[in-house]
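Asks: For reference, the structure I am asking about is given below.
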Amino acid sequence: MELRQLRSFVVVAEEMNVGRAAARLHLTQPSLSRQIAALERDLGVELFARVKKRFVMTAAGQTFLADAQDLLRRSDEAVRAAQRTQRGELGSLRLRFVQSATFSPLPQILGAFRQAYPEVVLDLESWTTLRQTEALRDGRIDVGLLRPTAPADATTVVRLAPDLASRVVAEDSLVAVLPARHRLARRKRLRLAELADEPFVFYSRPSGPVVHDTIIGFCRAAGFTPRIQQAADVQTIVALVAAGLGVSLLISPTPPTNPDAVVYRELSDDLPPWPLSVAWSPDNRSPVLQRFLELI
C-alpha cells in the first residue's frame, strides 16, 4: 500500500466520481481505476460498488476512509516537521550558563530566542566555565555562556580551546558588594585595597575556579589575600553580605536587591573588563544551534 494509492482513494471518496477524481489528480480514468483496484487487492476488501447504477462506498470503504485521511494528515505533518527541524524551528537546544550571566544578558538572549522560535525546547542549567568546556567537547551540550580566561575581540570568532569556537557578547566589570550600613557604603567608587581588612563572602573554588582564582589574583595584586567565608552561589553571597558576614566582589550585572540591605559600588582600580562569551563546537551541525548563533 502506497501513499499515492491512499490519496487517490480519498479523492475518489470525496468526489464519488472517477472522472472528476481523475481530473483533480491529473490522472487518466483508467490509471486511477487501476490504482483503486490494486489498493482493493492489497487490502482484500471492496471499497466501492455499483448499486442500481449508482457509484457508492462500501461499509469497508467508509471505515477505511477515516484511517486513510488520518494517515495522509500524519504523513503531511511528518514532512512539515522534518522541514521545520531542518530550518531550526523545531528540536531542542542544550544551553548552559555561568551564574554571572543570570541577570543579563541571559534573559535578553532567551527572551529573543523564545519569541523567534517558540517551539524549540530549551534545556537550561547553570554550570561552571570548566564544566561547560568539557561538555562542549564531548557533545553533551550545544552551547555555553561562559567566562573565558582572557579578553577577546568582540568582532571576531576566537578559540577557547583548539576544538571550540566562541564569540564575546558582553564585557563586564567587577564591583564591590557591601552591607548598606558599611562604613564605605556612602562612597560611589572604592579602591580594592580599601577592602583589605574586611572579611569576604565568596564562591567556593569548585563553584567557579576561573572566577575564584582571577578575583583572588586581583586582590593579591592590590596587596592582600582575602579571608573568605565560602558560599555556593550569587544569591547566597548577597544574602550573607546583607546579614553583615562580610563584603564581596561580583561580576556585574548584579542581582536586584533592596538598597537598604546591600549596595554595589564601582572599583576605581584599573582592572580589565571580564568578557562573557558564547561558545560552541564547530562540529555541531544542529540547525537549532545555527539559528541561535545567528540570533546572537
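Here, A, B, ... name the chains of the C-alpha cells in the order displayed, residue numbers run from 1 inside each chain, and ligands are numbered from 1 in the same displayed order.
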Excluding stretch 268-279 of chain A and residues on its chain fewer than 3 positions from it, collect all residues at most 8 Å away from it, counting only C-alpha atoms, and give them as a PyMOL selection string.

Replies: chain A and resi 101+143-148+150-152+160+164-174+189-192+218+251

Asks: Would you mind exporting the chosen residues as an mmCIF file, in the first residue's frame, restricted to N, CA, C and O atoms?

Replies:
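After the write, out-v7.cif holds the following:
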```cif
data_model
loop_
_atom_site.group_PDB
_atom_site.id
_atom_site.type_symbol
_atom_site.label_atom_id
_atom_site.label_comp_id
_atom_site.auth_asym_id
_atom_site.auth_seq_id
_atom_site.Cartn_x
_atom_site.Cartn_y
_atom_site.Cartn_z
ATOM 1 N N ALA A 101 25.951 35.290 34.401
ATOM 2 C CA ALA A 101 25.170 35.656 33.210
ATOM 3 C C ALA A 101 23.672 35.635 33.488
ATOM 4 O O ALA A 101 22.873 35.985 32.611
ATOM 5 N N VAL A 143 25.602 24.617 23.434
ATOM 6 C CA VAL A 143 26.166 25.961 23.506
ATOM 7 C C VAL A 143 26.353 26.347 24.963
ATOM 8 O O VAL A 143 25.602 25.922 25.840
ATOM 9 N N GLY A 144 27.375 27.149 25.227
ATOM 10 C CA GLY A 144 27.643 27.610 26.581
ATOM 11 C C GLY A 144 27.760 29.118 26.627
ATOM 12 O O GLY A 144 28.236 29.751 25.672
ATOM 13 N N LEU A 145 27.333 29.672 27.733
ATOM 14 C CA LEU A 145 27.509 31.098 28.013
ATOM 15 C C LEU A 145 28.463 31.149 29.198
ATOM 16 O O LEU A 145 28.080 30.820 30.325
ATOM 17 N N LEU A 146 29.711 31.540 28.929
ATOM 18 C CA LEU A 146 30.762 31.327 29.916
ATOM 19 C C LEU A 146 31.743 32.493 29.961
ATOM 20 O O LEU A 146 31.667 33.430 29.162
ATOM 21 N N ARG A 147 32.672 32.403 30.918
ATOM 22 C CA ARG A 147 33.703 33.413 31.090
ATOM 23 C C ARG A 147 35.059 32.830 30.687
ATOM 24 O O ARG A 147 35.655 32.062 31.423
ATOM 25 N N PRO A 148 35.559 33.188 29.507
ATOM 26 C CA PRO A 148 36.887 32.694 29.129
ATOM 27 C C PRO A 148 37.942 33.331 30.022
ATOM 28 O O PRO A 148 37.701 34.326 30.697
ATOM 29 N N ALA A 150 40.642 34.922 29.231
ATOM 30 C CA ALA A 150 41.302 36.115 28.719
ATOM 31 C C ALA A 150 40.337 36.916 27.863
ATOM 32 O O ALA A 150 39.462 36.348 27.220
ATOM 33 N N PRO A 151 40.467 38.271 27.831
ATOM 34 C CA PRO A 151 39.611 39.075 26.963
ATOM 35 C C PRO A 151 39.787 38.685 25.508
ATOM 36 O O PRO A 151 40.815 38.165 25.100
ATOM 37 N N ALA A 152 38.737 38.929 24.714
ATOM 38 C CA ALA A 152 38.775 38.614 23.289
ATOM 39 C C ALA A 152 38.134 39.749 22.512
ATOM 40 O O ALA A 152 37.321 40.502 23.035
ATOM 41 N N LEU A 160 38.431 29.221 22.469
ATOM 42 C CA LEU A 160 38.648 28.917 23.872
ATOM 43 C C LEU A 160 39.612 27.751 24.002
ATOM 44 O O LEU A 160 40.406 27.679 24.915
ATOM 45 N N LEU A 164 37.112 24.366 19.986
ATOM 46 C CA LEU A 164 35.899 25.134 20.280
ATOM 47 C C LEU A 164 36.009 26.548 19.712
ATOM 48 O O LEU A 164 37.105 27.097 19.599
ATOM 49 N N ALA A 165 34.857 27.103 19.375
ATOM 50 C CA ALA A 165 34.797 28.490 18.920
ATOM 51 C C ALA A 165 33.972 29.294 19.900
ATOM 52 O O ALA A 165 33.122 28.748 20.609
ATOM 53 N N SER A 166 34.222 30.606 19.966
ATOM 54 C CA SER A 166 33.446 31.451 20.871
ATOM 55 C C SER A 166 33.338 32.855 20.299
ATOM 56 O O SER A 166 34.097 33.245 19.415
ATOM 57 N N ARG A 167 32.371 33.569 20.798
ATOM 58 C CA ARG A 167 32.210 34.972 20.433
ATOM 59 C C ARG A 167 31.829 35.757 21.678
ATOM 60 O O ARG A 167 30.928 35.357 22.417
ATOM 61 N N VAL A 168 32.512 36.856 21.913
ATOM 62 C CA VAL A 168 32.226 37.694 23.068
ATOM 63 C C VAL A 168 30.899 38.419 22.855
ATOM 64 O O VAL A 168 30.682 39.031 21.814
ATOM 65 N N VAL A 169 30.015 38.352 23.846
ATOM 66 C CA VAL A 169 28.718 39.026 23.753
ATOM 67 C C VAL A 169 28.591 40.169 24.757
ATOM 68 O O VAL A 169 27.674 40.988 24.657
ATOM 69 N N ALA A 170 29.495 40.229 25.741
ATOM 70 C CA ALA A 170 29.465 41.325 26.709
ATOM 71 C C ALA A 170 30.822 41.410 27.389
ATOM 72 O O ALA A 170 31.565 40.431 27.451
ATOM 73 N N GLU A 171 31.143 42.607 27.881
ATOM 74 C CA GLU A 171 32.335 42.800 28.692
ATOM 75 C C GLU A 171 31.910 43.496 29.969
ATOM 76 O O GLU A 171 31.391 44.620 29.934
ATOM 77 N N ASP A 172 32.103 42.822 31.096
ATOM 78 C CA ASP A 172 31.546 43.281 32.360
ATOM 79 C C ASP A 172 32.654 43.629 33.342
ATOM 80 O O ASP A 172 33.788 43.164 33.229
ATOM 81 N N SER A 173 32.299 44.436 34.309
ATOM 82 C CA SER A 173 33.264 44.897 35.308
ATOM 83 C C SER A 173 33.020 44.221 36.648
ATOM 84 O O SER A 173 31.953 43.651 36.902
ATOM 85 N N LEU A 174 34.024 44.323 37.509
ATOM 86 C CA LEU A 174 33.933 43.788 38.863
ATOM 87 C C LEU A 174 33.441 44.909 39.782
ATOM 88 O O LEU A 174 33.884 46.054 39.664
ATOM 89 N N ARG A 189 32.688 55.139 44.552
ATOM 90 C CA ARG A 189 33.744 54.287 43.999
ATOM 91 C C ARG A 189 34.733 53.952 45.101
ATOM 92 O O ARG A 189 34.993 54.764 45.991
ATOM 93 N N LEU A 190 35.308 52.763 45.012
ATOM 94 C CA LEU A 190 36.261 52.300 46.006
ATOM 95 C C LEU A 190 37.514 51.782 45.324
ATOM 96 O O LEU A 190 37.486 51.335 44.168
ATOM 97 N N ARG A 191 38.610 51.809 46.095
ATOM 98 C CA ARG A 191 39.810 51.091 45.667
ATOM 99 C C ARG A 191 39.777 49.700 46.298
ATOM 100 O O ARG A 191 39.358 49.540 47.442
ATOM 101 N N LEU A 192 40.214 48.728 45.553
ATOM 102 C CA LEU A 192 40.186 47.353 46.046
ATOM 103 C C LEU A 192 40.967 47.224 47.352
ATOM 104 O O LEU A 192 40.547 46.503 48.273
ATOM 105 N N PHE A 218 43.388 39.444 41.626
ATOM 106 C CA PHE A 218 43.221 40.902 41.683
ATOM 107 C C PHE A 218 43.483 41.414 43.103
ATOM 108 O O PHE A 218 44.133 42.448 43.293
ATOM 109 N N ILE A 251 30.868 39.967 39.577
ATOM 110 C CA ILE A 251 30.874 40.476 38.213
ATOM 111 C C ILE A 251 29.503 41.073 37.915
ATOM 112 O O ILE A 251 28.474 40.460 38.196
#
```

Asks: Based on the backbone DSSP call, show me all residues of stretch 52-144 of chain A assigned alpha helix (DSSP H), as a PyMOL selection string.

Replies: chain A and resi 59-86+106-116+129-138

Asks: Pick from A:Phe292, A:Trp280, A:Tyr264, A:Phe55: nearest to A:Ser248, with only C-alpha atoms counted?

Replies: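 Closest candidate: A:Tyr264.
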
Asks: Name all residues at most 12 Å from A:Gly223 (count only C-alpha atoms; drop same-chain ones fewer than 5 positions away) and give them as an mmCIF file with C-alpha atoms, in the first residue's frame.

Replies:
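What landed in part08.cif:
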```cif
data_model
loop_
_atom_site.group_PDB
_atom_site.id
_atom_site.type_symbol
_atom_site.label_atom_id
_atom_site.label_comp_id
_atom_site.auth_asym_id
_atom_site.auth_seq_id
_atom_site.Cartn_x
_atom_site.Cartn_y
_atom_site.Cartn_z
ATOM 1 C CA ARG A 191 39.810 51.091 45.667
ATOM 2 C CA LEU A 192 40.186 47.353 46.046
ATOM 3 C CA ALA A 193 42.899 47.876 48.664
ATOM 4 C CA GLU A 194 40.351 49.607 50.927
ATOM 5 C CA LEU A 195 38.719 46.201 51.468
ATOM 6 C CA ALA A 196 41.944 44.558 52.629
ATOM 7 C CA ASP A 197 40.901 44.224 56.277
ATOM 8 C CA ILE A 216 41.830 36.343 44.277
ATOM 9 C CA GLY A 217 44.635 37.358 41.896
ATOM 10 C CA PHE A 218 43.221 40.902 41.683
#
```

Asks: Among the residues of stretch 20-65 of chain A, find those DSSP assigns to strand (DSSP E) from the backbone and print them as a list in words.

Replies: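 Listing strand (DSSP E) positions across stretch 20-65 of chain A yields Phe48, Ala49, Arg50, Val51, Arg54, Phe55, Val56 and Met57 of chain A.
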
Asks: Write the residues of the preceding selection, restricted to N, CA, C and O atoms, as a tab-separated table (two decimals), in the first residue's frame.

Replies:
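Wrote it out as again_23.tsv, contents follow:
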```tsv
chain	number	residue	atom	x	y	z
A	48	PHE	N	-15.43	0.29	-3.18
A	48	PHE	CA	-16.53	0.92	-3.91
A	48	PHE	C	-17.36	-0.16	-4.60
A	48	PHE	O	-16.86	-1.25	-4.91
A	49	ALA	N	-18.61	0.18	-4.87
A	49	ALA	CA	-19.50	-0.77	-5.55
A	49	ALA	C	-20.52	0.01	-6.38
A	49	ALA	O	-20.70	1.22	-6.21
A	50	ARG	N	-21.15	-0.72	-7.29
A	50	ARG	CA	-22.25	-0.16	-8.08
A	50	ARG	C	-23.56	-0.72	-7.53
A	50	ARG	O	-23.74	-1.93	-7.46
A	51	VAL	N	-24.44	0.16	-7.11
A	51	VAL	CA	-25.75	-0.25	-6.58
A	51	VAL	C	-26.81	0.50	-7.38
A	51	VAL	O	-26.90	1.73	-7.32
A	54	ARG	N	-25.62	3.23	-9.37
A	54	ARG	CA	-25.00	4.32	-8.63
A	54	ARG	C	-23.65	3.86	-8.06
A	54	ARG	O	-23.50	2.73	-7.63
A	55	PHE	N	-22.69	4.80	-8.07
A	55	PHE	CA	-21.34	4.54	-7.54
A	55	PHE	C	-21.37	4.84	-6.04
A	55	PHE	O	-21.61	5.99	-5.63
A	56	VAL	N	-21.19	3.84	-5.20
A	56	VAL	CA	-21.29	4.01	-3.76
A	56	VAL	C	-20.06	3.43	-3.06
A	56	VAL	O	-19.32	2.63	-3.63
A	57	MET	N	-19.85	3.89	-1.82
A	57	MET	CA	-18.76	3.37	-1.00
A	57	MET	C	-19.30	2.25	-0.12
A	57	MET	O	-20.38	2.36	0.45
```

Asks: Leaving out A:Ile36 and any residue of its chain fewer than 4 positions from it, which residues lie within 9 Å of it when counting only C-alpha atoms, given as a list in words?

Replies: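 Everything that qualifies: Gln5, Leu6, Ser8, Phe9, Val12, Ser31, Leu32, Glu40, Arg41, Leu47 and Phe48 of chain A.
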
Asks: Smallest atom-to-atom distance to A:Pro162: which of A:Ser92, A:Ser33, A:Ser75, A:Ser281, using only C-alpha atoms?

Replies: A:Ser281

Asks: Write out as JSON, numbers by chain each polymer residue whose atoms come within 10 Å of A:Val10, counting only C-alpha atoms; drop sequence neighbours fewer than 5 positions from it.

Replies: {"A": [4, 5, 15, 16, 21, 61, 64, 65, 66, 68, 69, 72]}

Asks: In Å, with one decimal, what is the gap from atom CA of A:Tyr117 to atom CA of A:Arg84?

Replies: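 Those two atoms sit 10.6 Å apart.
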
Asks: Take atom CA of A:Gly111 and atom CA of A:Pro255 and report the distance between them in Å, one decimal.

Replies: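 Atom CA of A:Pro255 lies at a distance of 18.0 Å from atom CA of A:Gly111.
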
Asks: So how far away is atom CA of A:Thr236 from atom CA of A:Ile141, in Å?

Replies: 27.0 Å

Asks: Using only C-alpha atoms, which of the listed residues (A:Ala221, A:Leu25, A:Val210, A:Leu249) sits closest to A:Glu266?

Replies: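 Going through A:Ala221, A:Leu25, A:Val210, A:Leu249 one by one, the smallest distance to A:Glu266 is for A:Leu249.
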
Asks: When you count only C-alpha atoms, which of these residues is closest to A:Thr214: A:Leu250, A:Val18, A:Thr63, A:Leu90?

Replies: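 Between A:Leu250, A:Val18, A:Thr63, A:Leu90, the residue approaching A:Thr214 most closely is A:Leu250.
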
Asks: Nearest to A:Thr254: which of A:Ser207, A:Ser104, A:Thr225, A:Ser126 is it, counting only C-alpha atoms?

Replies: A:Ser104

Asks: Using only C-alpha atoms, can you tell me which of A:Val234, A:Ala176, A:Ala239, A:Ala22 comes closest to A:Phe103?

Replies: A:Val234
